[in-house]
file data.txt (compact mmCIF, C-alpha atoms)
# COMPACT_ATOMS: atom_id res chain seq x y z
CA MET A 1 0.00 0.00 0.00
CA THR A 2 1.25 3.50 -0.83
CA TYR A 3 0.96 6.14 1.87
CA ASP A 4 0.82 9.92 1.50
CA ILE A 5 1.83 12.77 3.79
CA GLU A 6 -1.71 12.78 5.18
CA ASP A 7 -1.07 9.23 6.41
CA PHE A 8 1.96 10.22 8.52
CA ASP A 9 0.98 8.83 11.92
CA VAL A 10 3.71 7.66 14.28
CA GLY A 11 1.08 5.73 16.26
CA ALA A 12 -0.26 3.67 13.34
CA ASP A 13 0.65 -0.03 13.30
CA TRP A 14 2.31 0.15 9.88
CA HIS A 15 4.29 3.24 10.84
CA VAL A 16 5.54 1.76 14.11
CA THR A 17 6.54 -1.50 12.44
CA ASN A 18 8.18 -0.35 9.21
CA PRO A 19 7.92 3.32 8.20
CA TYR A 20 11.17 3.37 6.24
CA PRO A 21 10.00 3.05 2.62
CA PHE A 22 7.50 5.82 3.38
CA LEU A 23 10.14 8.01 5.03
CA ALA A 24 12.52 7.45 2.10
CA ARG A 25 9.91 8.87 -0.27
CA LEU A 26 9.34 11.84 2.05
CA ARG A 27 13.07 12.60 2.16
CA GLU A 28 13.08 12.64 -1.63
CA GLU A 29 9.80 14.43 -2.34
CA SER A 30 8.84 16.35 0.84
CA PRO A 31 11.84 16.73 3.14
CA VAL A 32 9.88 19.31 5.16
CA PHE A 33 6.12 18.96 5.56
CA TRP A 34 3.21 19.80 7.84
CA SER A 35 1.76 16.88 9.82
CA GLU A 36 -1.88 17.24 10.78
CA HIS A 37 -1.47 14.27 13.11
CA LEU A 38 1.31 15.89 15.13
CA GLN A 39 0.27 19.50 14.47
CA ALA A 40 3.92 20.05 13.68
CA TYR A 41 6.33 20.45 10.79
CA VAL A 42 8.58 17.44 10.24
CA LEU A 43 12.23 17.46 9.10
CA THR A 44 13.24 14.15 7.53
CA ARG A 45 16.72 14.60 6.04
CA TYR A 46 19.88 13.94 8.05
CA ALA A 47 21.52 17.27 7.15
CA ASP A 48 18.43 19.28 8.15
CA VAL A 49 17.90 17.39 11.41
CA ARG A 50 21.55 17.80 12.41
CA ALA A 51 21.55 21.48 11.49
CA ALA A 52 18.40 22.09 13.56
CA TYR A 53 19.91 20.33 16.58
CA GLY A 54 22.97 22.53 16.19
CA ASP A 55 21.02 25.78 15.99
CA PRO A 56 19.24 26.31 19.35
CA ARG A 57 18.65 29.99 18.57
CA ARG A 58 16.34 29.20 15.67
CA PHE A 59 15.08 25.82 16.90
CA SER A 60 14.25 26.39 20.56
CA SER A 61 13.92 23.60 23.11
CA LYS A 62 11.96 25.71 25.57
CA GLY A 63 8.74 23.88 26.35
CA SER A 64 9.22 21.43 23.48
CA LEU A 65 9.58 18.16 25.36
CA THR A 66 6.05 17.61 26.59
CA ILE A 67 2.76 17.46 24.76
CA SER A 68 0.89 18.64 27.85
CA ARG A 69 -1.10 20.93 25.57
CA SER A 70 -3.25 17.83 24.93
CA LEU A 71 -4.39 17.72 28.56
CA THR A 72 -8.03 18.50 29.29
CA THR A 73 -9.10 21.38 31.51
CA ALA A 74 -10.12 18.93 34.24
CA THR A 75 -6.71 17.26 34.14
CA ARG A 76 -4.91 20.62 34.26
CA GLU A 77 -6.99 21.63 37.29
CA LYS A 78 -6.09 18.39 39.06
CA LEU A 79 -2.39 18.84 38.31
CA GLY A 80 -2.36 22.53 39.31
CA GLU A 81 1.19 23.89 39.31
CA HIS A 82 2.48 20.52 38.09
CA GLY A 83 0.69 20.77 34.73
CA SER A 84 3.86 22.06 33.15
CA PHE A 85 6.02 19.23 34.49
CA LEU A 86 9.44 19.07 32.80
CA SER A 87 9.31 22.81 32.17
CA SER A 88 12.71 23.17 33.83
CA PHE A 89 14.29 19.89 32.73
CA VAL A 90 17.65 20.24 31.02
CA ALA A 91 16.38 19.01 27.61
CA ASN A 92 13.40 21.36 27.74
CA VAL A 93 15.17 24.71 28.14
CA ASP A 94 17.58 26.92 26.22
CA PRO A 95 20.81 28.60 27.38
CA PRO A 96 21.63 30.04 29.85
CA ASP A 97 19.38 27.78 31.97
CA HIS A 98 20.46 24.78 29.91
CA THR A 99 24.14 25.53 30.49
CA ARG A 100 23.65 25.75 34.26
CA LEU A 101 21.53 22.59 34.50
CA ARG A 102 23.81 20.52 32.28
CA ARG A 103 26.88 21.59 34.22
CA SER A 104 25.25 20.40 37.45
CA VAL A 105 23.98 17.03 36.21
CA SER A 106 27.24 16.28 34.39
CA ARG A 107 28.98 15.99 37.76
CA ALA A 108 27.28 12.63 38.21
CA PHE A 109 28.17 11.33 34.73
CA THR A 110 31.95 11.61 34.71
CA PRO A 111 33.77 8.91 32.69
CA ARG A 112 35.03 7.38 35.94
CA ALA A 113 31.55 7.29 37.48
CA VAL A 114 30.03 5.70 34.36
CA ALA A 115 32.79 3.09 34.08
CA ALA A 116 32.31 2.18 37.73
CA MET A 117 28.69 1.22 37.01
CA GLU A 118 29.64 -1.40 34.41
CA GLU A 119 30.59 -4.10 36.90
CA THR A 120 27.37 -3.54 38.84
CA PHE A 121 25.29 -3.76 35.66
CA ARG A 122 27.03 -6.95 34.52
CA THR A 123 26.41 -8.53 37.92
CA LEU A 124 22.72 -7.59 37.76
CA ASN A 125 22.45 -9.31 34.37
CA GLU A 126 24.29 -12.39 35.60
CA ASP A 127 22.07 -12.67 38.69
CA LEU A 128 18.93 -12.37 36.57
CA LEU A 129 20.12 -15.05 34.15
CA ASP A 130 20.98 -17.39 37.01
CA ARG A 131 17.25 -17.39 37.77
CA ILE A 132 15.95 -17.34 34.20
CA VAL A 133 18.21 -19.74 32.27
CA PRO A 134 16.70 -22.96 33.75
CA GLN A 135 13.29 -21.96 32.31
CA GLY A 136 14.48 -22.52 28.74
CA GLY A 137 12.44 -19.56 27.48
CA ALA A 138 10.90 -16.25 28.50
CA ASP A 139 9.28 -13.04 27.38
CA PHE A 140 12.41 -11.00 26.76
CA VAL A 141 10.64 -7.69 27.38
CA ALA A 142 8.90 -8.62 30.62
CA GLU A 143 11.44 -10.99 32.15
CA ILE A 144 14.92 -10.12 30.88
CA GLY A 145 15.30 -6.73 29.20
CA HIS A 146 14.08 -4.35 31.89
CA GLU A 147 15.11 -5.58 35.32
CA PRO A 148 18.90 -4.94 35.25
CA SER A 149 18.49 -1.41 33.89
CA ILE A 150 15.73 -0.62 36.39
CA LYS A 151 17.87 -1.84 39.28
CA LEU A 152 20.99 -0.02 38.12
CA THR A 153 19.06 3.23 37.72
CA ALA A 154 17.44 2.82 41.13
CA ARG A 155 20.84 2.37 42.78
CA PHE A 156 22.24 5.35 40.90
CA ILE A 157 19.35 7.60 41.95
CA GLY A 158 19.12 6.20 45.48
CA VAL A 159 15.75 4.46 45.25
CA PRO A 160 15.51 1.60 47.80
CA GLU A 161 15.08 -1.86 46.28
CA SER A 162 11.73 -2.21 47.99
CA ASP A 163 10.44 0.80 46.02
CA GLU A 164 11.60 -0.28 42.54
CA ALA A 165 8.25 -1.74 41.42
CA PHE A 166 6.39 1.33 42.71
CA VAL A 167 8.70 3.68 40.82
CA GLN A 168 8.54 1.62 37.62
CA ALA A 169 4.73 1.68 37.60
CA HIS A 170 4.45 5.39 38.31
CA VAL A 171 7.18 6.40 35.85
CA LYS A 172 5.25 4.54 33.17
CA ASP A 173 2.12 6.47 34.12
CA TRP A 174 3.74 9.91 33.95
CA PHE A 175 5.26 9.04 30.58
CA GLN A 176 1.80 8.22 29.27
CA LEU A 177 0.29 11.37 30.77
CA PHE A 178 2.77 13.87 29.34
CA LEU A 179 4.24 12.14 26.30
CA SER A 180 1.37 10.13 24.84
CA PRO A 181 -2.15 11.43 24.08
CA GLN A 182 -4.77 9.84 26.35
CA PRO A 183 -8.59 9.99 26.57
CA PRO A 184 -10.01 12.34 29.25
CA GLU A 185 -10.89 9.73 31.90
CA ARG A 186 -7.53 8.00 31.54
CA GLN A 187 -5.80 11.37 31.93
CA LEU A 188 -7.41 11.84 35.34
CA GLU A 189 -6.29 8.38 36.47
CA LEU A 190 -2.76 9.03 35.29
CA ALA A 191 -2.77 12.45 36.96
CA ASP A 192 -3.55 10.83 40.33
CA SER A 193 -0.68 8.40 39.82
CA PHE A 194 1.65 11.23 38.80
CA LEU A 195 0.89 13.31 41.87
CA THR A 196 1.56 10.27 44.05
CA TYR A 197 4.88 9.81 42.28
CA LEU A 198 5.85 13.47 42.73
CA ASP A 199 5.15 13.19 46.43
CA TYR A 200 7.48 10.18 46.57
CA VAL A 201 10.32 12.01 44.81
CA ASP A 202 9.79 15.06 47.05
CA ARG A 203 10.15 12.86 50.12
CA LEU A 204 13.26 11.19 48.68
CA VAL A 205 14.87 14.61 48.13
CA ALA A 206 13.93 15.73 51.64
CA ALA A 207 15.39 12.54 53.13
CA ARG A 208 18.70 13.02 51.31
CA ALA A 209 18.85 16.66 52.41
CA LYS A 210 18.79 15.45 56.03
CA ASP A 211 20.92 12.34 55.54
CA PRO A 212 23.07 12.42 52.36
CA GLN A 213 24.11 9.12 50.75
CA ASP A 214 26.45 8.21 47.91
CA ASP A 215 23.85 8.64 45.16
CA PHE A 216 22.61 11.04 42.48
CA THR A 217 19.76 12.42 44.58
CA SER A 218 22.13 13.41 47.38
CA LEU A 219 24.54 15.07 44.94
CA MET A 220 21.80 17.09 43.25
CA THR A 221 20.10 17.93 46.58
CA SER A 222 23.38 19.40 47.83
CA LEU A 223 23.18 21.94 44.98
CA ILE A 224 19.70 23.24 45.86
CA GLY A 225 19.84 26.95 46.57
CA ASP A 226 23.24 27.48 44.97
CA GLU A 227 22.88 26.00 41.48
CA LEU A 228 19.51 24.26 41.33
CA SER A 229 15.95 24.67 42.54
CA HIS A 230 14.00 21.94 44.30
CA ARG A 231 11.75 21.53 41.26
CA GLU A 232 14.74 21.18 38.94
CA VAL A 233 16.14 18.37 41.10
CA VAL A 234 12.79 16.55 41.10
CA GLU A 235 12.56 16.80 37.30
CA LEU A 236 16.17 15.63 36.81
CA ILE A 237 15.52 12.59 39.00
CA SER A 238 12.27 11.82 37.20
CA THR A 239 13.71 11.92 33.70
CA ILE A 240 16.73 9.77 34.57
CA LEU A 241 14.35 7.25 36.09
CA LEU A 242 12.42 7.33 32.80
CA GLY A 243 15.57 6.58 30.80
CA GLY A 244 16.52 3.62 32.97
CA ASN A 245 13.00 2.24 33.29
CA ASP A 246 11.97 2.75 29.69
CA THR A 247 14.32 4.03 26.98
CA VAL A 248 17.39 1.84 27.59
CA PRO A 249 15.38 -1.40 28.00
CA ASN A 250 13.38 -0.57 24.87
CA GLN A 251 16.61 -0.18 22.89
CA LEU A 252 17.87 -3.52 24.17
CA GLY A 253 14.66 -5.26 23.09
CA ASN A 254 14.80 -3.66 19.63
CA THR A 255 18.47 -4.65 19.36
CA VAL A 256 17.97 -8.29 20.33
CA LEU A 257 15.07 -8.62 17.89
CA ARG A 258 17.17 -7.19 15.06
CA LEU A 259 20.16 -9.44 15.81
CA LEU A 260 17.99 -12.56 15.96
CA ARG A 261 16.19 -11.70 12.72
CA GLU A 262 19.53 -11.05 11.00
CA ASP A 263 20.95 -14.37 12.26
CA ALA A 264 23.71 -12.35 13.95
CA TRP A 265 23.40 -13.86 17.44
CA PRO A 266 25.54 -14.13 19.47
CA VAL A 267 27.64 -11.11 18.53
CA PRO A 268 31.41 -11.75 18.69
CA PRO A 269 32.87 -9.66 21.56
CA GLU A 270 35.03 -7.61 19.22
CA GLN A 271 31.94 -6.57 17.24
CA VAL A 272 29.59 -5.80 20.14
CA ALA A 273 30.31 -2.06 20.28
CA ASN A 274 29.70 -1.42 16.58
CA ALA A 275 26.76 -3.84 16.44
CA ALA A 276 25.12 -1.83 19.22
CA GLU A 277 25.56 1.39 17.23
CA GLU A 278 24.17 -0.18 14.05
CA CYS A 279 21.14 -1.45 15.97
CA MET A 280 20.56 1.99 17.46
CA ARG A 281 20.79 3.42 13.95
CA ILE A 282 18.43 1.01 12.26
CA ASP A 283 16.01 0.41 15.17
CA GLY A 284 16.36 3.43 17.43
CA ALA A 285 14.30 3.56 20.63
CA SER A 286 14.02 7.34 20.20
CA LEU A 287 12.17 8.63 17.14
CA GLY A 288 13.29 12.24 17.41
CA SER A 289 12.91 15.51 19.30
CA PHE A 290 10.53 18.42 19.14
CA ARG A 291 11.58 22.06 18.85
CA TYR A 292 9.81 25.39 18.41
CA ALA A 293 10.69 27.68 15.52
CA ALA A 294 12.01 30.87 17.10
CA ALA A 295 11.51 32.87 13.90
CA ASP A 296 9.96 32.52 10.48
CA MET A 297 12.18 30.38 8.29
CA SER A 298 12.10 28.80 4.84
CA LEU A 299 13.47 25.32 4.19
CA HIS A 300 13.21 23.44 0.89
CA GLY A 301 10.53 25.86 -0.26
CA VAL A 302 8.39 25.39 2.86
CA THR A 303 7.79 28.32 5.22
CA ILE A 304 7.85 27.39 8.90
CA PRO A 305 6.19 30.23 10.85
CA ALA A 306 7.64 31.45 14.14
CA GLY A 307 6.17 29.55 17.08
CA SER A 308 5.50 26.38 15.08
CA LEU A 309 6.28 22.99 16.58
CA VAL A 310 8.90 21.07 14.61
CA LEU A 311 9.78 17.37 14.82
CA LEU A 312 13.43 16.57 14.14
CA SER A 313 13.00 13.01 12.87
CA THR A 314 16.16 11.18 13.91
CA ASP A 315 14.37 7.99 12.87
CA SER A 316 14.26 9.16 9.27
CA ALA A 317 17.72 10.74 9.46
CA ALA A 318 19.24 7.42 10.53
CA HIS A 319 18.03 5.88 7.27
CA ASP A 320 19.14 8.74 5.02
CA GLU A 321 20.79 7.13 1.99
CA THR A 322 23.03 10.15 1.44
CA VAL A 323 24.76 9.41 4.76
CA PHE A 324 24.29 5.66 5.30
CA ALA A 325 24.91 3.50 2.23
CA ASP A 326 22.12 0.96 1.65
CA PRO A 327 20.42 2.14 4.87
CA GLU A 328 17.90 -0.71 5.20
CA ARG A 329 20.71 -3.26 5.25
CA PHE A 330 21.95 -4.35 8.67
CA TRP A 331 25.71 -4.04 8.44
CA ILE A 332 27.27 -5.19 11.72
CA ASP A 333 30.57 -3.41 11.07
CA ARG A 334 29.18 -0.38 9.22
CA PRO A 335 31.99 2.21 9.44
CA ASN A 336 29.77 5.19 10.31
CA ALA A 337 27.04 3.45 12.31
CA ALA A 338 27.68 5.73 15.29
CA ASP A 339 26.73 8.79 13.24
CA HIS A 340 23.06 8.22 14.12
CA MET A 341 21.44 10.85 16.35
CA VAL A 342 19.46 8.63 18.73
CA PHE A 343 21.05 10.57 21.62
CA GLY A 344 20.49 13.92 19.92
CA TYR A 345 23.24 16.26 18.79
CA GLY A 346 24.85 19.54 19.82
CA ILE A 347 24.26 21.14 23.21
CA HIS A 348 21.36 18.78 23.94
CA PHE A 349 23.32 15.60 23.27
CA CYS A 350 22.04 13.20 25.95
CA VAL A 351 24.07 13.57 29.14
CA GLY A 352 23.47 9.88 29.88
CA ALA A 353 24.56 8.65 26.44
CA ALA A 354 27.76 7.06 27.69
CA LEU A 355 25.84 5.12 30.34
CA GLY A 356 23.19 4.04 27.82
CA ARG A 357 25.86 2.78 25.43
CA LEU A 358 27.66 0.97 28.24
CA GLN A 359 24.47 -0.81 29.28
CA LEU A 360 23.68 -1.91 25.74
CA ARG A 361 27.18 -3.26 25.12
CA ALA A 362 27.39 -4.99 28.49
CA ALA A 363 23.96 -6.61 28.11
CA LEU A 364 24.79 -7.93 24.64
CA ASP A 365 28.08 -9.32 25.92
CA VAL A 366 26.57 -11.10 28.94
CA LEU A 367 23.46 -12.33 27.14
CA GLY A 368 25.47 -13.59 24.18
CA ARG A 369 27.76 -15.58 26.45
CA ARG A 370 25.03 -16.98 28.71
CA LEU A 371 22.37 -17.54 26.00
CA PRO A 372 24.29 -18.41 22.80
CA SER A 373 21.33 -20.40 21.45
CA LEU A 374 18.82 -17.57 21.96
CA ARG A 375 16.10 -17.65 19.27
CA LEU A 376 12.64 -16.28 18.54
CA VAL A 377 9.68 -18.52 19.35
CA PRO A 378 7.96 -19.28 15.99
CA GLY A 379 4.40 -18.11 15.47
CA ARG A 380 4.43 -15.43 18.12
CA PRO A 381 3.54 -11.97 16.74
CA VAL A 382 5.99 -9.15 17.31
CA ALA A 383 4.19 -6.02 18.45
CA PHE A 384 5.44 -2.51 19.20
CA ARG A 385 3.83 -0.11 21.64
CA LYS A 386 2.46 3.16 20.29
CA SER A 387 4.19 6.39 21.20
CA ILE A 388 4.96 9.63 19.42
CA VAL A 389 8.49 9.79 20.83
CA GLY A 390 9.84 6.23 21.00
CA ARG A 391 9.84 2.68 19.70
CA GLY A 392 9.68 -0.32 21.99
CA LEU A 393 8.33 -3.85 22.00
CA THR A 394 5.35 -4.86 24.12
CA SER A 395 6.43 -8.53 24.11
CA LEU A 396 9.10 -10.76 22.60
CA ARG A 397 8.93 -14.50 23.21
CA VAL A 398 12.33 -16.17 23.08
CA ALA A 399 13.76 -19.61 23.82
CA TRP A 400 17.21 -21.11 24.25

call {"tool": "encode", "arguments": {"input": "data.txt", "output": "structure tokens"}}
result
Amino acid sequence: MTYDIEDFDVGADWHVTNPYPFLARLREESPVFWSEHLQAYVLTRYADVRAAYGDPRRFSSKGSLTISRSLTTATREKLGEHGSFLSSFVANVDPPDHTRLRRSVSRAFTPRAVAAMEETFRTLNEDLLDRIVPQGGADFVAEIGHEPSIKLTARFIGVPESDEAFVQAHVKDWFQLFLSPQPPERQLELADSFLTYLDYVDRLVAARAKDPQDDFTSLMTSLIGDELSHREVVELISTILLGGNDTVPNQLGNTVLRLLREDAWPVPPEQVANAAEECMRIDGASLGSFRYAAADMSLHGVTIPAGSLVLLSTDSAAHDETVFADPERFWIDRPNAADHMVFGYGIHFCVGAALGRLQLRAALDVLGRRLPSLRLVPGRPVAFRKSIVGRGLTSLRVAW
């Protein structure tokens, strides 16, 4: 079936599963277009996406991360002052606020600190597999892919092990509330969950202010009043919990599915790093970033008015044939695989990128060694969840 611009819908089954022939035609014929579905202009070519990331004066991040404009009046009233959650998160502001916030959070992501987490993450994977391997099979998404990342992130933040399930459930709810359109009644349910979650994070920050520990929350709490506000610390904690509970595990699931389908499992240790980059390129867990046009601009004959929402489609850019030769081919040692922009680009390049890459490489290494005969269970459908900002599997049955 041939699709037109009017069919651009990142939540449609066909688009979630395989949008790439469609995106290739858009890059050729309509590299910039207006999407009624997103109520935003979309940039599809690699060069344009990269240039927009690198030009924060024209493509502003301020207020671009959430789609809270879709919230109903009743939901906004319930949320009160929290209706603009993420308004002060580092990826949702421009300089000079961005510069100050990034400088603060970067203290926790030094190369030494990230490297020190590798042994912990490998141990978490080994412990999980000790329990799972005797089963002979599992749902990779539900039983293997998420737990180690969730536990590592909890330890990094300072969330007690007894609270991990609570945090995972509530992080999922706030993601749905702010980053995925929901019907009115569901919004109110999610708003209740979100307020409960905020109260939890507030109490965690207060506890660390009184009794500091060796964790991210304590480090950020120590900066309140001098470099950061209380709200900024809460939002930093929340978004890092989202990455560990959602984005990184989603990328691992996408990666394992790709490697199994390409008959490239297990990956030889010397190829793990580049294989991880190629999988992020071809099956990225992040589909792109939103920006606001700070001024009227013209691109490829299309006028983007000031104030317009713009999607920088890293998903399309990663398949741009002018940058990646034969882009739909999985090439395990592709020389420029790491040139994808799954982690963004420029001043908003993901501060946790090094940790995300480390987790993906370490998981592939441990899983490949412990489960060399890993395979897909025949006859089980592969389904992706629907989201305007990311790609992740809802289930993946595997055996060994």

call {"tool": "closest_residue", "arguments": {"input": "data.txt", "among": "A:Val272, A:Val42, A:Ala115, A:Ala285", "to": "Gly392 of chain A", "atoms": "only C-alpha atoms"}}
result
A:Ala285

call {"tool": "closest_residue", "arguments": {"input": "data.txt", "among": "A:Leu38, A:Ile332, A:Leu228, A:Val377", "to": "Val267 of chain A", "atoms": "all atoms listed in the file"}}
result
A:Ile332

call {"tool": "residues_around", "arguments": {"input": "data.txt", "residues": "segment 100-111 of chain A", "least_positions_apart": "3", "cutoff": "12 Å", "atoms": "all atoms listed in the file", "output": "ChimeraX atom specification"}}
result
/A:88-97,114-118,156-157,214-224,226-229,231-233,235-237,239-240,347-356,358

call {"tool": "atom_distance", "arguments": {"input": "data.txt", "atom1": "atom CA of Trp174 of chain A", "atom2": "atom CA of Asp55 of chain A"}}
result
29.5 Å

call {"tool": "closest_residue", "arguments": {"input": "data.txt", "among": "A:Arg76, A:Lys151, A:His300, A:Arg258", "to": "Val382 of chain A", "atoms": "only C-alpha atoms"}}
result
A:Arg258

call {"tool": "atom_distance", "arguments": {"input": "data.txt", "atom1": "atom CA of Ala191 of chain A", "atom2": "atom CA of Thr247 of chain A"}}
result
21.5 Å

call {"tool": "atom_distance", "arguments": {"input": "data.txt", "atom1": "atom CA of Tyr53 of chain A", "atom2": "atom CA of Leu309 of chain A"}}
result
13.9 Å

call {"tool": "residues_around", "arguments": {"input": "data.txt", "residues": "His340 of chain A", "least_positions_apart": "2", "cutoff": "7 Å", "atoms": "all atoms listed in the file", "output": "number ranges by chain"}}
result
A: 281, 318, 337-338, 342

call {"tool": "closest_residue", "arguments": {"input": "data.txt", "among": "A:Asp13, A:Asp192, A:Asp7, A:Asp326", "to": "Leu26 of chain A", "atoms": "only C-alpha atoms"}}
result
A:Asp7

call {"tool": "closest_atom_pairs", "arguments": {"input": "data.txt", "of": "segment 228-315 of chain A", "to": "segment 129-150 of chain A", "cutoff": "9 Å", "atoms": "all atoms listed in the file", "output": "tab-separated table"}}
result
residue	atom	partner	partner_atom	distance
A:Leu241	CA	A:Ile150	CA	8.0
A:Gly244	CA	A:Ser149	CA	5.5
A:Asn245	CA	A:Ile150	CA	5.0
A:Asp246	CA	A:His146	CA	7.7
A:Val248	CA	A:Ser149	CA	7.2
A:Pro249	CA	A:His146	CA	5.1
A:Asn250	CA	A:Gly145	CA	7.8
A:Leu252	CA	A:Gly145	CA	6.5
A:Gly253	CA	A:Gly145	CA	6.3
A:Val256	CA	A:Phe140	CA	8.9

call {"tool": "residues_around", "arguments": {"input": "data.txt", "residues": "Leu190 of chain A", "least_positions_apart": "5", "cutoff": "12 Å", "atoms": "all atoms listed in the file", "output": "tab-separated table (two decimals) with C-alpha atoms, keeping the file's coordinate frame"}}
result
chain	number	residue	atom	x	y	z
A	71	LEU	CA	-4.39	17.72	28.56
A	75	THR	CA	-6.71	17.26	34.14
A	76	ARG	CA	-4.91	20.62	34.26
A	78	LYS	CA	-6.09	18.39	39.06
A	79	LEU	CA	-2.39	18.84	38.31
A	169	ALA	CA	4.73	1.68	37.60
A	170	HIS	CA	4.45	5.39	38.31
A	171	VAL	CA	7.18	6.40	35.85
A	172	LYS	CA	5.25	4.54	33.17
A	173	ASP	CA	2.12	6.47	34.12
A	174	TRP	CA	3.74	9.91	33.95
A	175	PHE	CA	5.26	9.04	30.58
A	176	GLN	CA	1.80	8.22	29.27
A	177	LEU	CA	0.29	11.37	30.77
A	178	PHE	CA	2.77	13.87	29.34
A	179	LEU	CA	4.24	12.14	26.30
A	180	SER	CA	1.37	10.13	24.84
A	181	PRO	CA	-2.15	11.43	24.08
A	182	GLN	CA	-4.77	9.84	26.35
A	183	PRO	CA	-8.59	9.99	26.57
A	184	PRO	CA	-10.01	12.34	29.25
A	185	GLU	CA	-10.89	9.73	31.90
A	195	LEU	CA	0.89	13.31	41.87
A	196	THR	CA	1.56	10.27	44.05
A	197	TYR	CA	4.88	9.81	42.28

call {"tool": "closest_residue", "arguments": {"input": "data.txt", "among": "A:Leu198, A:Ala51, A:Ala207, A:Leu128", "to": "Gly158 of chain A", "atoms": "all atoms listed in the file"}}
result
A:Ala207

call {"tool": "closest_residue", "arguments": {"input": "data.txt", "among": "A:Ala294, A:Leu374, A:Leu364, A:Val32", "to": "Val49 of chain A", "atoms": "all atoms listed in the file"}}
result
A:Val32
